[in-house]
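Asks: File name data-v9.cif; file contents mmCIF, C-alpha atoms (C1' of nucleotides); full text below.
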data_upload
loop_
_atom_site.group_PDB
_atom_site.id
_atom_site.type_symbol
_atom_site.label_atom_id
_atom_site.label_comp_id
_atom_site.auth_asym_id
_atom_site.auth_seq_id
_atom_site.Cartn_x
_atom_site.Cartn_y
_atom_site.Cartn_z
ATOM 1 C CA MET Z 1 -34.913 -58.923 157.560
ATOM 2 C CA SER Z 2 -38.498 -58.964 156.360
ATOM 3 C CA GLU Z 3 -40.264 -62.246 155.878
ATOM 4 C CA ALA Z 4 -40.558 -61.700 152.131
ATOM 5 C CA THR Z 5 -36.783 -61.279 151.942
ATOM 6 C CA ALA Z 6 -36.217 -64.343 154.113
ATOM 7 C CA MET Z 7 -38.495 -66.431 151.943
ATOM 8 C CA THR Z 8 -36.421 -65.852 148.795
ATOM 9 C CA ALA Z 9 -32.973 -65.622 150.371
ATOM 10 C CA GLU Z 10 -32.206 -69.170 149.425
ATOM 11 C CA LEU Z 11 -33.031 -68.389 145.814
ATOM 12 C CA VAL Z 12 -30.382 -65.665 145.465
ATOM 13 C CA PRO Z 13 -27.758 -66.698 142.890
ATOM 14 C CA ARG Z 14 -24.529 -67.024 144.835
ATOM 15 C CA TYR Z 15 -22.272 -69.908 143.912
ATOM 16 C CA THR Z 16 -20.151 -70.662 140.885
ATOM 17 C CA ILE Z 17 -20.036 -74.231 139.684
ATOM 18 C CA GLY Z 18 -16.598 -74.558 141.306
ATOM 19 C CA GLU Z 19 -18.014 -73.597 144.681
ATOM 20 C CA VAL Z 20 -20.818 -76.139 144.305
ATOM 21 C CA VAL Z 21 -18.212 -78.769 143.412
ATOM 22 C CA GLU Z 22 -16.428 -78.007 146.682
ATOM 23 C CA ARG Z 23 -19.618 -78.085 148.737
ATOM 24 C CA THR Z 24 -21.222 -81.194 147.240
ATOM 25 C CA GLY Z 25 -18.302 -83.346 146.191
ATOM 26 C CA LEU Z 26 -19.906 -83.792 142.780
ATOM 27 C CA SER Z 27 -17.838 -82.948 139.720
ATOM 28 C CA ALA Z 28 -18.657 -79.984 137.495
ATOM 29 C CA HIS Z 29 -19.271 -82.483 134.720
ATOM 30 C CA THR Z 30 -21.824 -84.275 136.853
ATOM 31 C CA LEU Z 31 -23.559 -81.045 137.841
ATOM 32 C CA ARG Z 32 -23.945 -80.030 134.187
ATOM 33 C CA TRP Z 33 -25.114 -83.516 133.354
ATOM 34 C CA TYR Z 34 -27.718 -83.430 136.162
ATOM 35 C CA GLU Z 35 -28.973 -80.169 134.715
ATOM 36 C CA ARG Z 36 -29.056 -81.581 131.177
ATOM 37 C CA ILE Z 37 -31.131 -84.614 132.125
ATOM 38 C CA GLY Z 38 -33.534 -82.561 134.233
ATOM 39 C CA LEU Z 39 -32.404 -83.567 137.694
ATOM 40 C CA LEU Z 40 -31.468 -80.000 138.537
ATOM 41 C CA ASP Z 41 -33.273 -76.820 137.472
ATOM 42 C CA HIS Z 42 -31.417 -74.539 135.116
ATOM 43 C CA PRO Z 43 -29.612 -72.188 137.475
ATOM 44 C CA ALA Z 44 -29.330 -68.432 137.008
ATOM 45 C CA ARG Z 45 -26.488 -67.164 134.830
ATOM 46 C CA SER Z 46 -23.968 -64.374 135.365
ATOM 47 C CA HIS Z 47 -23.804 -61.644 132.732
ATOM 48 C CA HIS Z 48 -21.044 -63.738 131.131
ATOM 49 C CA GLY Z 49 -23.225 -66.811 130.876
ATOM 50 C CA GLN Z 50 -21.684 -68.666 133.824
ATOM 51 C CA ARG Z 51 -23.929 -70.637 136.169
ATOM 52 C CA ARG Z 52 -24.765 -69.152 139.556
ATOM 53 C CA PHE Z 53 -26.343 -71.635 141.957
ATOM 54 C CA CYS Z 54 -28.422 -70.697 145.010
ATOM 55 C CA ASP Z 55 -28.820 -72.224 148.467
ATOM 56 C CA ALA Z 56 -31.986 -73.998 147.372
ATOM 57 C CA ASP Z 57 -29.902 -75.779 144.731
ATOM 58 C CA LEU Z 58 -27.449 -76.880 147.412
ATOM 59 C CA GLY Z 59 -30.292 -78.210 149.550
ATOM 60 C CA TRP Z 60 -31.751 -80.076 146.614
ATOM 61 C CA LEU Z 61 -28.351 -81.532 145.732
ATOM 62 C CA ALA Z 62 -27.865 -82.663 149.319
ATOM 63 C CA PHE Z 63 -31.193 -84.472 149.180
ATOM 64 C CA LEU Z 64 -30.300 -86.039 145.838
ATOM 65 C CA GLY Z 65 -27.102 -87.139 147.556
ATOM 66 C CA ASN Z 66 -29.176 -89.028 150.115
ATOM 67 C CA LEU Z 67 -31.169 -90.754 147.422
ATOM 68 C CA ARG Z 68 -28.004 -91.610 145.537
ATOM 69 C CA ALA Z 69 -26.222 -92.853 148.662
ATOM 70 C CA THR Z 70 -29.140 -95.168 149.316
ATOM 71 C CA GLY Z 71 -28.835 -96.543 145.819
ATOM 72 C CA MET Z 72 -31.770 -94.936 144.073
ATOM 73 C CA PRO Z 73 -31.172 -95.053 140.325
ATOM 74 C CA VAL Z 74 -31.051 -91.771 138.449
ATOM 75 C CA ALA Z 75 -34.354 -92.660 136.780
ATOM 76 C CA GLY Z 76 -36.034 -92.704 140.196
ATOM 77 C CA MET Z 77 -34.527 -89.381 141.218
ATOM 78 C CA LEU Z 78 -35.734 -88.007 137.915
ATOM 79 C CA ARG Z 79 -39.274 -89.161 138.609
ATOM 80 C CA TYR Z 80 -39.151 -87.441 141.983
ATOM 81 C CA ALA Z 81 -37.725 -84.268 140.436
ATOM 82 C CA GLU Z 82 -40.539 -84.214 137.893
ATOM 83 C CA LEU Z 83 -43.142 -84.529 140.645
ATOM 84 C CA VAL Z 84 -41.539 -81.621 142.498
ATOM 85 C CA ARG Z 85 -41.562 -79.546 139.319
ATOM 86 C CA ALA Z 86 -45.223 -80.412 138.791
ATOM 87 C CA GLY Z 87 -45.794 -78.627 142.114
ATOM 88 C CA ALA Z 88 -48.698 -78.843 144.538
ATOM 89 C CA GLY Z 89 -50.903 -81.896 144.293
ATOM 90 C CA THR Z 90 -48.111 -84.409 143.823
ATOM 91 C CA GLU Z 91 -47.103 -84.626 147.478
ATOM 92 C CA ALA Z 92 -48.803 -87.960 148.105
ATOM 93 C CA GLU Z 93 -47.089 -89.492 145.102
ATOM 94 C CA ARG Z 94 -43.724 -88.108 146.179
ATOM 95 C CA ARG Z 95 -44.175 -89.510 149.650
ATOM 96 C CA GLU Z 96 -45.177 -92.849 148.154
ATOM 97 C CA LEU Z 97 -42.012 -92.915 146.079
ATOM 98 C CA LEU Z 98 -39.868 -92.231 149.132
ATOM 99 C CA VAL Z 99 -41.690 -94.826 151.238
ATOM 100 C CA GLU Z 100 -41.192 -97.482 148.563
ATOM 101 C CA HIS Z 101 -37.550 -96.587 148.350
ATOM 102 C CA ARG Z 102 -37.189 -96.796 152.117
ATOM 103 C CA GLU Z 103 -38.566 -100.334 152.012
ATOM 104 C CA GLU Z 104 -36.004 -101.258 149.379
ATOM 105 C CA VAL Z 105 -33.199 -99.784 151.427
ATOM 106 C CA LEU Z 106 -34.311 -101.678 154.530
ATOM 107 C CA ALA Z 107 -34.403 -104.870 152.471
ATOM 108 C CA ARG Z 108 -30.906 -104.139 151.163
ATOM 109 C CA ILE Z 109 -29.610 -103.645 154.693
ATOM 110 C CA ARG Z 110 -31.146 -106.942 155.834
ATOM 111 C CA ASP Z 111 -29.653 -108.651 152.802
ATOM 112 C CA LEU Z 112 -26.222 -107.205 153.489
ATOM 113 C CA GLN Z 113 -26.386 -108.320 157.108
ATOM 114 C CA ALA Z 114 -27.369 -111.854 156.118
ATOM 115 C CA ASN Z 115 -24.520 -112.098 153.639
ATOM 116 C CA LEU Z 116 -22.193 -110.622 156.213
ATOM 117 C CA LEU Z 117 -22.883 -113.570 158.509
ATOM 118 C CA VAL Z 118 -21.599 -115.947 155.852
ATOM 119 C CA LEU Z 119 -18.535 -113.777 155.416
ATOM 120 C CA ASP Z 120 -17.936 -113.819 159.171
ATOM 121 C CA TYR Z 121 -18.240 -117.592 159.210
ATOM 122 C CA LYS Z 122 -15.698 -117.881 156.428
ATOM 123 C CA ILE Z 123 -13.289 -115.563 158.183
ATOM 124 C CA ASP Z 124 -13.638 -117.629 161.343
ATOM 125 C CA LEU Z 125 -12.762 -120.756 159.375
ATOM 126 C CA TYR Z 126 -9.550 -119.135 158.204
ATOM 127 C CA GLY Z 127 -8.766 -118.305 161.800
ATOM 128 C CA GLU Z 128 -9.176 -121.898 162.990
ATOM 129 C CA ARG Z 129 -7.928 -124.050 160.175
ATOM 130 C CA GLN Z 130 -6.110 -123.558 156.922
ATOM 131 C CA ASP Z 131 -7.768 -125.930 154.471
ATOM 132 C CA CYS Z 132 -10.640 -123.892 153.132
ATOM 133 C CA THR Z 133 -11.172 -121.993 149.961
ATOM 134 C CA MET K 1 -18.504 -145.061 151.388
ATOM 135 C CA SER K 2 -14.753 -144.903 151.912
ATOM 136 C CA GLU K 3 -13.155 -141.699 152.994
ATOM 137 C CA ALA K 4 -11.236 -141.424 149.737
ATOM 138 C CA THR K 5 -14.528 -141.593 147.861
ATOM 139 C CA ALA K 6 -16.132 -139.041 150.151
ATOM 140 C CA MET K 7 -13.251 -136.653 149.679
ATOM 141 C CA THR K 8 -13.708 -136.466 145.915
ATOM 142 C CA ALA K 9 -17.479 -136.880 145.722
ATOM 143 C CA GLU K 10 -17.957 -133.185 145.329
ATOM 144 C CA LEU K 11 -15.604 -133.172 142.376
ATOM 145 C CA VAL K 12 -17.677 -135.616 140.309
ATOM 146 C CA PRO K 13 -18.958 -133.923 137.127
ATOM 147 C CA ARG K 14 -22.722 -133.895 137.494
ATOM 148 C CA TYR K 15 -24.505 -130.766 136.335
ATOM 149 C CA THR K 16 -25.143 -129.283 132.931
ATOM 150 C CA ILE K 17 -24.913 -125.535 132.580
ATOM 151 C CA GLY K 18 -28.708 -125.418 132.549
ATOM 152 C CA GLU K 19 -28.877 -127.120 135.923
ATOM 153 C CA VAL K 20 -26.342 -124.709 137.352
ATOM 154 C CA VAL K 21 -28.406 -121.820 135.998
ATOM 155 C CA GLU K 22 -31.408 -123.181 137.914
ATOM 156 C CA ARG K 23 -29.446 -123.694 141.118
ATOM 157 C CA THR K 24 -27.525 -120.424 141.162
ATOM 158 C CA GLY K 25 -29.803 -117.968 139.415
ATOM 159 C CA LEU K 26 -26.889 -116.850 137.250
ATOM 160 C CA SER K 27 -27.349 -116.913 133.486
ATOM 161 C CA ALA K 28 -25.474 -119.379 131.271
ATOM 162 C CA HIS K 29 -23.800 -116.373 129.646
ATOM 163 C CA THR K 30 -22.588 -115.201 133.017
ATOM 164 C CA LEU K 31 -21.285 -118.656 133.981
ATOM 165 C CA ARG K 32 -19.277 -118.887 130.746
ATOM 166 C CA TRP K 33 -18.059 -115.365 131.265
ATOM 167 C CA TYR K 34 -16.955 -116.160 134.854
ATOM 168 C CA GLU K 35 -15.019 -119.074 133.439
ATOM 169 C CA ARG K 36 -13.487 -116.955 130.692
ATOM 170 C CA ILE K 37 -12.193 -114.305 133.081
ATOM 171 C CA GLY K 38 -10.841 -116.872 135.528
ATOM 172 C CA LEU K 39 -13.425 -116.572 138.283
ATOM 173 C CA LEU K 40 -14.447 -120.190 137.844
ATOM 174 C CA ASP K 41 -12.181 -123.145 137.020
ATOM 175 C CA HIS K 42 -12.694 -124.770 133.654
ATOM 176 C CA PRO K 43 -15.225 -127.487 134.415
ATOM 177 C CA ALA K 44 -15.086 -131.041 133.052
ATOM 178 C CA ARG K 45 -16.614 -131.648 129.632
ATOM 179 C CA SER K 46 -18.930 -134.353 128.377
ATOM 180 C CA HIS K 47 -17.789 -136.402 125.391
ATOM 181 C CA HIS K 48 -19.677 -133.856 123.259
ATOM 182 C CA GLY K 49 -17.779 -130.941 124.694
ATOM 183 C CA GLN K 50 -20.544 -129.723 126.991
ATOM 184 C CA ARG K 51 -19.677 -128.458 130.451
ATOM 185 C CA ARG K 52 -20.320 -130.683 133.455
ATOM 186 C CA PHE K 53 -20.094 -128.852 136.767
ATOM 187 C CA CYS K 54 -19.522 -130.529 140.134
ATOM 188 C CA ASP K 55 -20.750 -129.807 143.665
ATOM 189 C CA ALA K 56 -17.533 -127.996 144.468
ATOM 190 C CA ASP K 57 -18.336 -125.582 141.622
ATOM 191 C CA LEU K 58 -21.777 -124.963 143.132
ATOM 192 C CA GLY K 59 -20.221 -124.280 146.527
ATOM 193 C CA TRP K 60 -17.739 -121.880 145.018
ATOM 194 C CA LEU K 61 -20.478 -120.100 143.058
ATOM 195 C CA ALA K 62 -22.536 -119.770 146.238
ATOM 196 C CA PHE K 63 -19.589 -118.141 147.960
ATOM 197 C CA LEU K 64 -19.008 -115.832 144.994
ATOM 198 C CA GLY K 65 -22.680 -114.978 145.338
ATOM 199 C CA ASN K 66 -22.053 -113.808 148.882
ATOM 200 C CA LEU K 67 -19.177 -111.637 147.777
ATOM 201 C CA ARG K 68 -21.224 -110.221 144.931
ATOM 202 C CA ALA K 69 -24.265 -109.611 147.150
ATOM 203 C CA THR K 70 -22.055 -107.640 149.495
ATOM 204 C CA GLY K 71 -20.870 -105.509 146.612
ATOM 205 C CA MET K 72 -17.379 -106.861 146.015
ATOM 206 C CA PRO K 73 -16.284 -105.890 142.505
ATOM 207 C CA VAL K 74 -15.390 -108.691 140.110
ATOM 208 C CA ALA K 75 -11.753 -107.613 140.301
ATOM 209 C CA GLY K 76 -11.732 -108.395 144.023
ATOM 210 C CA MET K 77 -13.357 -111.773 143.549
ATOM 211 C CA LEU K 78 -10.769 -112.457 140.889
ATOM 212 C CA ARG K 79 -7.968 -111.652 143.280
ATOM 213 C CA TYR K 80 -9.440 -114.046 145.802
ATOM 214 C CA ALA K 81 -9.887 -116.742 143.142
ATOM 215 C CA GLU K 82 -6.250 -116.372 142.148
ATOM 216 C CA LEU K 83 -5.123 -116.786 145.749
ATOM 217 C CA VAL K 84 -7.210 -119.943 146.047
ATOM 218 C CA ARG K 85 -5.698 -121.265 142.835
ATOM 219 C CA ALA K 86 -2.232 -120.494 144.159
ATOM 220 C CA GLY K 87 -3.059 -122.988 146.933
ATOM 221 C CA ALA K 88 -1.498 -123.451 150.337
ATOM 222 C CA GLY K 89 0.421 -120.516 151.752
ATOM 223 C CA THR K 90 -2.024 -117.837 150.673
ATOM 224 C CA GLU K 91 -4.549 -118.362 153.463
ATOM 225 C CA ALA K 92 -3.474 -115.348 155.482
ATOM 226 C CA GLU K 93 -3.774 -113.124 152.449
ATOM 227 C CA ARG K 94 -7.211 -114.530 151.616
ATOM 228 C CA ARG K 95 -8.386 -113.946 155.147
ATOM 229 C CA GLU K 96 -7.014 -110.418 154.998
ATOM 230 C CA LEU K 97 -8.960 -109.755 151.829
ATOM 231 C CA LEU K 98 -12.186 -110.966 153.414
ATOM 232 C CA VAL K 99 -11.595 -108.994 156.607
ATOM 233 C CA GLU K 100 -11.016 -105.808 154.622
ATOM 234 C CA HIS K 101 -14.141 -106.455 152.660
ATOM 235 C CA ARG K 102 -16.130 -107.042 155.833
ATOM 236 C CA GLU K 103 -15.041 -103.645 157.101
ATOM 237 C CA GLU K 104 -16.240 -102.055 153.891
ATOM 238 C CA VAL K 105 -19.587 -103.801 154.131
ATOM 239 C CA LEU K 106 -20.020 -102.681 157.740
ATOM 240 C CA ALA K 107 -19.218 -99.133 156.682
ATOM 241 C CA ARG K 108 -21.741 -99.366 153.858
ATOM 242 C CA ILE K 109 -24.430 -100.568 156.256
ATOM 243 C CA ARG K 110 -23.702 -97.697 158.641
ATOM 244 C CA ASP K 111 -23.814 -95.281 155.731
ATOM 245 C CA LEU K 112 -27.127 -96.662 154.515
ATOM 246 C CA GLN K 113 -28.607 -96.370 157.985
ATOM 247 C CA ALA K 114 -27.465 -92.764 158.328
ATOM 248 C CA ASN K 115 -28.953 -91.839 154.976
ATOM 249 C CA LEU K 116 -32.102 -93.710 155.878
ATOM 250 C CA LEU K 117 -32.631 -91.374 158.824
ATOM 251 C CA VAL K 118 -32.737 -88.415 156.456
ATOM 252 C CA LEU K 119 -35.198 -90.275 154.274
ATOM 253 C CA ASP K 120 -37.375 -90.995 157.304
ATOM 254 C CA TYR K 121 -37.296 -87.350 158.294
ATOM 255 C CA LYS K 122 -38.391 -86.328 154.822
ATOM 256 C CA ILE K 123 -41.203 -88.850 154.792
ATOM 257 C CA ASP K 124 -42.368 -87.520 158.156
ATOM 258 C CA LEU K 125 -42.442 -84.008 156.716
ATOM 259 C CA TYR K 126 -44.749 -85.169 153.957
ATOM 260 C CA GLY K 127 -46.975 -86.720 156.580
ATOM 261 C CA GLU K 128 -47.281 -83.483 158.573
ATOM 262 C CA ARG K 129 -47.291 -80.706 156.037
ATOM 263 C CA GLN K 130 -47.487 -80.398 152.294
ATOM 264 C CA ASP K 131 -45.038 -77.654 151.384
ATOM 265 C CA CYS K 132 -41.762 -79.495 151.021
ATOM 266 C CA THR K 133 -39.816 -80.657 148.052
ATOM 267 C "C1'" DC I 1 1.363 -59.134 125.832
ATOM 268 C "C1'" DG I 2 1.356 -63.768 127.117
ATOM 269 C "C1'" DC I 3 -0.102 -66.951 130.488
ATOM 270 C "C1'" DT I 4 -3.112 -69.231 133.766
ATOM 271 C "C1'" DT I 5 -7.530 -70.181 135.709
ATOM 272 C "C1'" DG I 6 -12.207 -71.056 135.477
ATOM 273 C "C1'" DC I 7 -15.869 -71.358 133.002
ATOM 274 C "C1'" DT I 8 -18.809 -72.600 128.409
ATOM 275 C "C1'" DT I 9 -20.703 -76.219 124.787
ATOM 276 C "C1'" DG I 10 -22.053 -80.722 122.231
ATOM 277 C "C1'" DG I 11 -20.745 -84.904 121.769
ATOM 278 C "C1'" DA I 12 -17.657 -88.773 122.419
ATOM 279 C "C1'" DG I 13 -15.468 -92.043 125.605
ATOM 280 C "C1'" DT I 14 -15.028 -94.999 129.931
ATOM 281 C "C1'" DG I 15 -15.573 -98.868 133.257
ATOM 282 C "C1'" DC I 16 -18.373 -102.187 135.082
ATOM 283 C "C1'" DA I 17 -20.913 -106.376 134.809
ATOM 284 C "C1'" DC I 18 -23.038 -108.514 132.232
ATOM 285 C "C1'" DT I 19 -26.001 -109.801 127.925
ATOM 286 C "C1'" DC I 20 -26.717 -110.948 123.478
ATOM 287 C "C1'" DT I 21 -25.756 -112.349 118.438
ATOM 288 C "C1'" DA I 22 -24.619 -115.365 114.773
ATOM 289 C "C1'" DG I 23 -23.678 -119.518 113.323
ATOM 290 C "C1'" DG I 24 -22.931 -124.057 114.598
ATOM 291 C "C1'" DT I 25 -23.408 -129.256 116.709
ATOM 292 C "C1'" DA I 26 -25.923 -133.124 118.813
ATOM 293 C "C1'" DA I 27 -29.843 -135.479 120.897
ATOM 294 C "C1'" DG I 28 -34.687 -136.253 121.341
ATOM 295 C "C1'" DT I 29 -39.540 -136.208 119.596
ATOM 296 C "C1'" DA I 30 -43.835 -136.381 116.069
ATOM 297 C "C1'" DT T 1 -37.597 -136.348 107.929
ATOM 298 C "C1'" DA T 2 -38.582 -132.103 110.187
ATOM 299 C "C1'" DC T 3 -38.491 -129.691 114.217
ATOM 300 C "C1'" DT T 4 -37.297 -128.393 118.915
ATOM 301 C "C1'" DT T 5 -34.206 -128.030 122.689
ATOM 302 C "C1'" DA T 6 -29.889 -127.508 124.868
ATOM 303 C "C1'" DC T 7 -25.564 -126.645 124.330
ATOM 304 C "C1'" DC T 8 -21.035 -124.590 121.963
ATOM 305 C "C1'" DT T 9 -17.785 -120.387 120.323
ATOM 306 C "C1'" DA T 10 -15.737 -115.605 119.529
ATOM 307 C "C1'" DG T 11 -16.845 -111.359 119.647
ATOM 308 C "C1'" DA T 12 -20.114 -107.436 119.664
ATOM 309 C "C1'" DG T 13 -23.603 -104.798 122.184
ATOM 310 C "C1'" DT T 14 -26.090 -102.856 126.374
ATOM 311 C "C1'" DG T 15 -27.309 -99.844 130.336
ATOM 312 C "C1'" DC T 16 -25.832 -97.152 133.888
ATOM 313 C "C1'" DA T 17 -23.620 -93.185 135.694
ATOM 314 C "C1'" DC T 18 -20.657 -90.640 134.876
ATOM 315 C "C1'" DT T 19 -16.189 -88.601 132.702
ATOM 316 C "C1'" DC T 20 -13.645 -86.525 129.405
ATOM 317 C "C1'" DC T 21 -12.428 -83.934 125.015
ATOM 318 C "C1'" DA T 22 -11.782 -80.094 121.940
ATOM 319 C "C1'" DA T 23 -12.341 -75.612 121.130
ATOM 320 C "C1'" DG T 24 -13.440 -71.319 122.812
ATOM 321 C "C1'" DC T 25 -14.322 -67.072 125.945
ATOM 322 C "C1'" DA T 26 -13.448 -63.726 129.835
ATOM 323 C "C1'" DA T 27 -10.844 -62.129 133.901
ATOM 324 C "C1'" DG T 28 -6.708 -61.513 136.462
ATOM 325 C "C1'" DC T 29 -1.652 -61.315 136.895
ATOM 326 C "C1'" DG T 30 3.574 -60.201 136.003
#
How does the structure come out when it is put into structure tokens?

Replies:
Amino acid sequence: MSEATAMTAELVPRYTIGEVVERTGLSAHTLRWYERIGLLDHPARSHHGQRRFCDADLGWLAFLGNLRATGMPVAGMLRYAELVRAGAGTEAERRELLVEHREEVLARIRDLQANLLVLDYKIDLYGERQDCT
Amino acid sequence: MSEATAMTAELVPRYTIGEVVERTGLSAHTLRWYERIGLLDHPARSHHGQRRFCDADLGWLAFLGNLRATGMPVAGMLRYAELVRAGAGTEAERRELLVEHREEVLARIRDLQANLLVLDYKIDLYGERQDCT
DNA sequence: CGCTTGCTTGGAGTGCACTCTAGGTAAGTA
DNA sequence: TACTTACCTAGAGTGCACTCCAAGCAAGCG
């Protein structure tokens, strides 16, 4: 395989929306909605007008999945997507966005752990005596 | 102070809704809404019909805050509140509910940490080279 | 041929957790 | 007296992130 071929292999239209649903766990509705709001590039279309997604789309969706799983709001993902679309020159800003988000996630984890301690304490109380709320 | 007095001290109506807003960070709307849906007992009223919350209410709201901060849906808090209202005999079930919730929170923390690793990896990429999305 | 399956669209609907509106009462201050 | 502030109610509205609906098209199967 030549390098030129390898470089575009992940752009070859391959997957129907149903296949992407299977691979990502997102619903077809959600995939179309992501496309509509600009979170996902318009994919190629079959000669019947059906969407055909490529491996790059799957990679992008997996990354969006990380952002979503860490609680980034859709508006934030959209900002990132717009920076990516703007192309070269926005890398520093993209990195900045991710770094800020990482800080928020770390704070959320710390917060969860602190609140978990209170929960543990309460559970212990129920184990020892029976007169608590 | 006699023990009988001490036992009911936290039930003395003391705080206006505004004071509870200050102490809990919840809005007055939210406090009334919690009451309406059964998450909070109907507090005492002044002779003008205004709510007067007691220390027990503040303690309960603080605990609800823990549940909320750990992502328990209002429906779950409601279930817990109903068990508490049902009184003695429901302690095992209450404990069960909290233990289940703790497991979910632990799972969420693990999930966040796993997704954070991917985020870190991506941020590193931006630090090293400039051709990623 | 009829039926099912999988896809298409724009726009409406859902569930959650608030959040606000309108219209009112009562107390305190200039 | 006029005004401000804090509270009251029932019910409507908001923002988020989907989620679904109706109506239609094309392919494949018995």

Asks: With 12 Å as the cut-off and only C-alpha atoms (C1' of nucleotides) counted, what is the closest atom pair between each nearby residue of chain K and chain T? Distances in Å to one decimal, ordered by chain and number, as a tab-separated table.

Replies:
residue	atom	partner	partner_atom	distance
K:Thr16	CA	T:DC7	C1'	9.0
K:Ile17	CA	T:DC7	C1'	8.3
K:Gly18	CA	T:DA6	C1'	8.0
K:Glu19	CA	T:DA6	C1'	11.1
K:Ala28	CA	T:DC7	C1'	10.0
K:His29	CA	T:DC8	C1'	11.6
K:Arg32	CA	T:DC8	C1'	10.6
K:Trp33	CA	T:DA10	C1'	12.0
K:Arg36	CA	T:DA10	C1'	11.5
K:Arg45	CA	T:DC8	C1'	11.3
K:Ser46	CA	T:DC7	C1'	10.9
K:His48	CA	T:DC7	C1'	9.4
K:Gly49	CA	T:DC8	C1'	7.6
K:Gln50	CA	T:DC7	C1'	6.5
K:Arg51	CA	T:DC7	C1'	8.7
K:Arg52	CA	T:DC7	C1'	11.3

Asks: Output C-alpha atoms for every residue in the selection just made, as a short mmCIF file (atom, residue, chain, number, x, y, z; two decimals), in the coordinates of the input.

Replies:
data_model
loop_
_atom_site.label_atom_id
_atom_site.label_comp_id
_atom_site.auth_asym_id
_atom_site.auth_seq_id
_atom_site.Cartn_x
_atom_site.Cartn_y
_atom_site.Cartn_z
CA THR K 16 -25.14 -129.28 132.93
CA ILE K 17 -24.91 -125.54 132.58
CA GLY K 18 -28.71 -125.42 132.55
CA GLU K 19 -28.88 -127.12 135.92
CA ALA K 28 -25.47 -119.38 131.27
CA HIS K 29 -23.80 -116.37 129.65
CA ARG K 32 -19.28 -118.89 130.75
CA TRP K 33 -18.06 -115.36 131.26
CA ARG K 36 -13.49 -116.96 130.69
CA ARG K 45 -16.61 -131.65 129.63
CA SER K 46 -18.93 -134.35 128.38
CA HIS K 48 -19.68 -133.86 123.26
CA GLY K 49 -17.78 -130.94 124.69
CA GLN K 50 -20.54 -129.72 126.99
CA ARG K 51 -19.68 -128.46 130.45
CA ARG K 52 -20.32 -130.68 133.46
#

Asks: Report the residues retrieved by the PyMOL selection byres ((chain K) within 8 of (chain Z)) from the displayed file, expressed as a list in words.

Replies: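 Evaluating the PyMOL selection byres ((chain K) within 8 of (chain Z)) on these coordinates yields Asn66, Leu67, Ala69, Thr70, Val84, Ala88, Glu91, Ala92, Arg95, Leu98, Val99, Arg102, Val105, Ile109, Asp111, Leu112, Asn115, Leu116, Val118, Leu119, Asp120, Ile123, Tyr126, Gly127, Gln130, Asp131 and Thr133 of chain K.
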
Asks: Please indicate the distance in Å from atom C1' of I:DT9 to atom CA of Z:His42, rounded to one decimal place.

Replies: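 Straight-line distance from atom C1' of I:DT9 to atom CA of Z:His42 works out to 15.0 Å.
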
Asks: Figure out the distance between atom CA of K:Ala62 and atom CA of K:Leu26, please, to one decimal in Å.

Replies: 10.4 Å

Asks: Extract, using all atoms listed in the file, all DNA, RNA and protein residues at most 9 Å from K:Glu82, discarding same-chain residues fewer than 5 positions from it, and format them as a list in words.

Replies: Gly38, Leu39, Met77 and Gly87 of chain K

Asks: Hey, what's within 7 Å of Z:Leu11 if we count only C-alpha atoms (C1' of nucleotides) and toss same-chain stuff fewer than 2 positions away? As a PDB file with C-alpha atoms, in the frame of the given file, please?

Replies:
ATOM      1  CA  THR Z   8     -36.421 -65.852 148.795  1.00  0.00           C
ATOM      2  CA  ALA Z   9     -32.973 -65.622 150.371  1.00  0.00           C
ATOM      3  CA  PRO Z  13     -27.758 -66.698 142.890  1.00  0.00           C
ATOM      4  CA  CYS Z  54     -28.422 -70.697 145.010  1.00  0.00           C
ATOM      5  CA  ASP Z  55     -28.820 -72.224 148.467  1.00  0.00           C
ATOM      6  CA  ALA Z  56     -31.986 -73.998 147.372  1.00  0.00           C
TER       7      ALA Z  56
END

Asks: Using the chain letters and numbers from this file, what does the PyMOL selection byres ((chain I) within 9 of (chain K)) select? Give the answer as a list in words.

Replies: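 Selection result, ordered by chain and number: DC16, DA17, DC18, DT19, DC20, DT25 and DA26 of chain I.
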
Asks: So how many Å separate atom C1' of I:DG28 and atom CA of K:Val12, to one decimal?

Replies: 25.5 Å

Asks: Take every atom of stretch 13-29 of chain I listed in the file, fit an axis-aligned box around them, add 4 Å per side, and give the centre and edge lengths in Å to one decimal as JSON.

Replies:
{"center_x": -27.3, "center_y": -114.1, "center_z": 124.2, "size_x": 32.5, "size_y": 52.2, "size_z": 29.8}

Asks: Would you kindly place N, CA and C atoms on stretch 63-67 of chain K and return the model as an mmCIF file, in the coordinates of the input?

Replies:
data_model
loop_
_atom_site.group_PDB
_atom_site.id
_atom_site.type_symbol
_atom_site.label_atom_id
_atom_site.label_comp_id
_atom_site.auth_asym_id
_atom_site.auth_seq_id
_atom_site.Cartn_x
_atom_site.Cartn_y
_atom_site.Cartn_z
ATOM 1 N N PHE K 63 -20.444 -119.074 147.224
ATOM 2 C CA PHE K 63 -19.589 -118.141 147.960
ATOM 3 C C PHE K 63 -19.369 -116.861 147.154
ATOM 4 N N LEU K 64 -19.126 -117.019 145.849
ATOM 5 C CA LEU K 64 -19.008 -115.832 144.994
ATOM 6 C C LEU K 64 -20.283 -114.991 145.091
ATOM 7 N N GLY K 65 -21.405 -115.683 145.192
ATOM 8 C CA GLY K 65 -22.680 -114.978 145.338
ATOM 9 C C GLY K 65 -22.709 -114.110 146.580
ATOM 10 N N ASN K 66 -22.129 -114.616 147.660
ATOM 11 C CA ASN K 66 -22.053 -113.808 148.882
ATOM 12 C C ASN K 66 -21.194 -112.563 148.664
ATOM 13 N N LEU K 67 -20.063 -112.769 148.016
ATOM 14 C CA LEU K 67 -19.177 -111.637 147.777
ATOM 15 C C LEU K 67 -19.862 -110.606 146.896
#
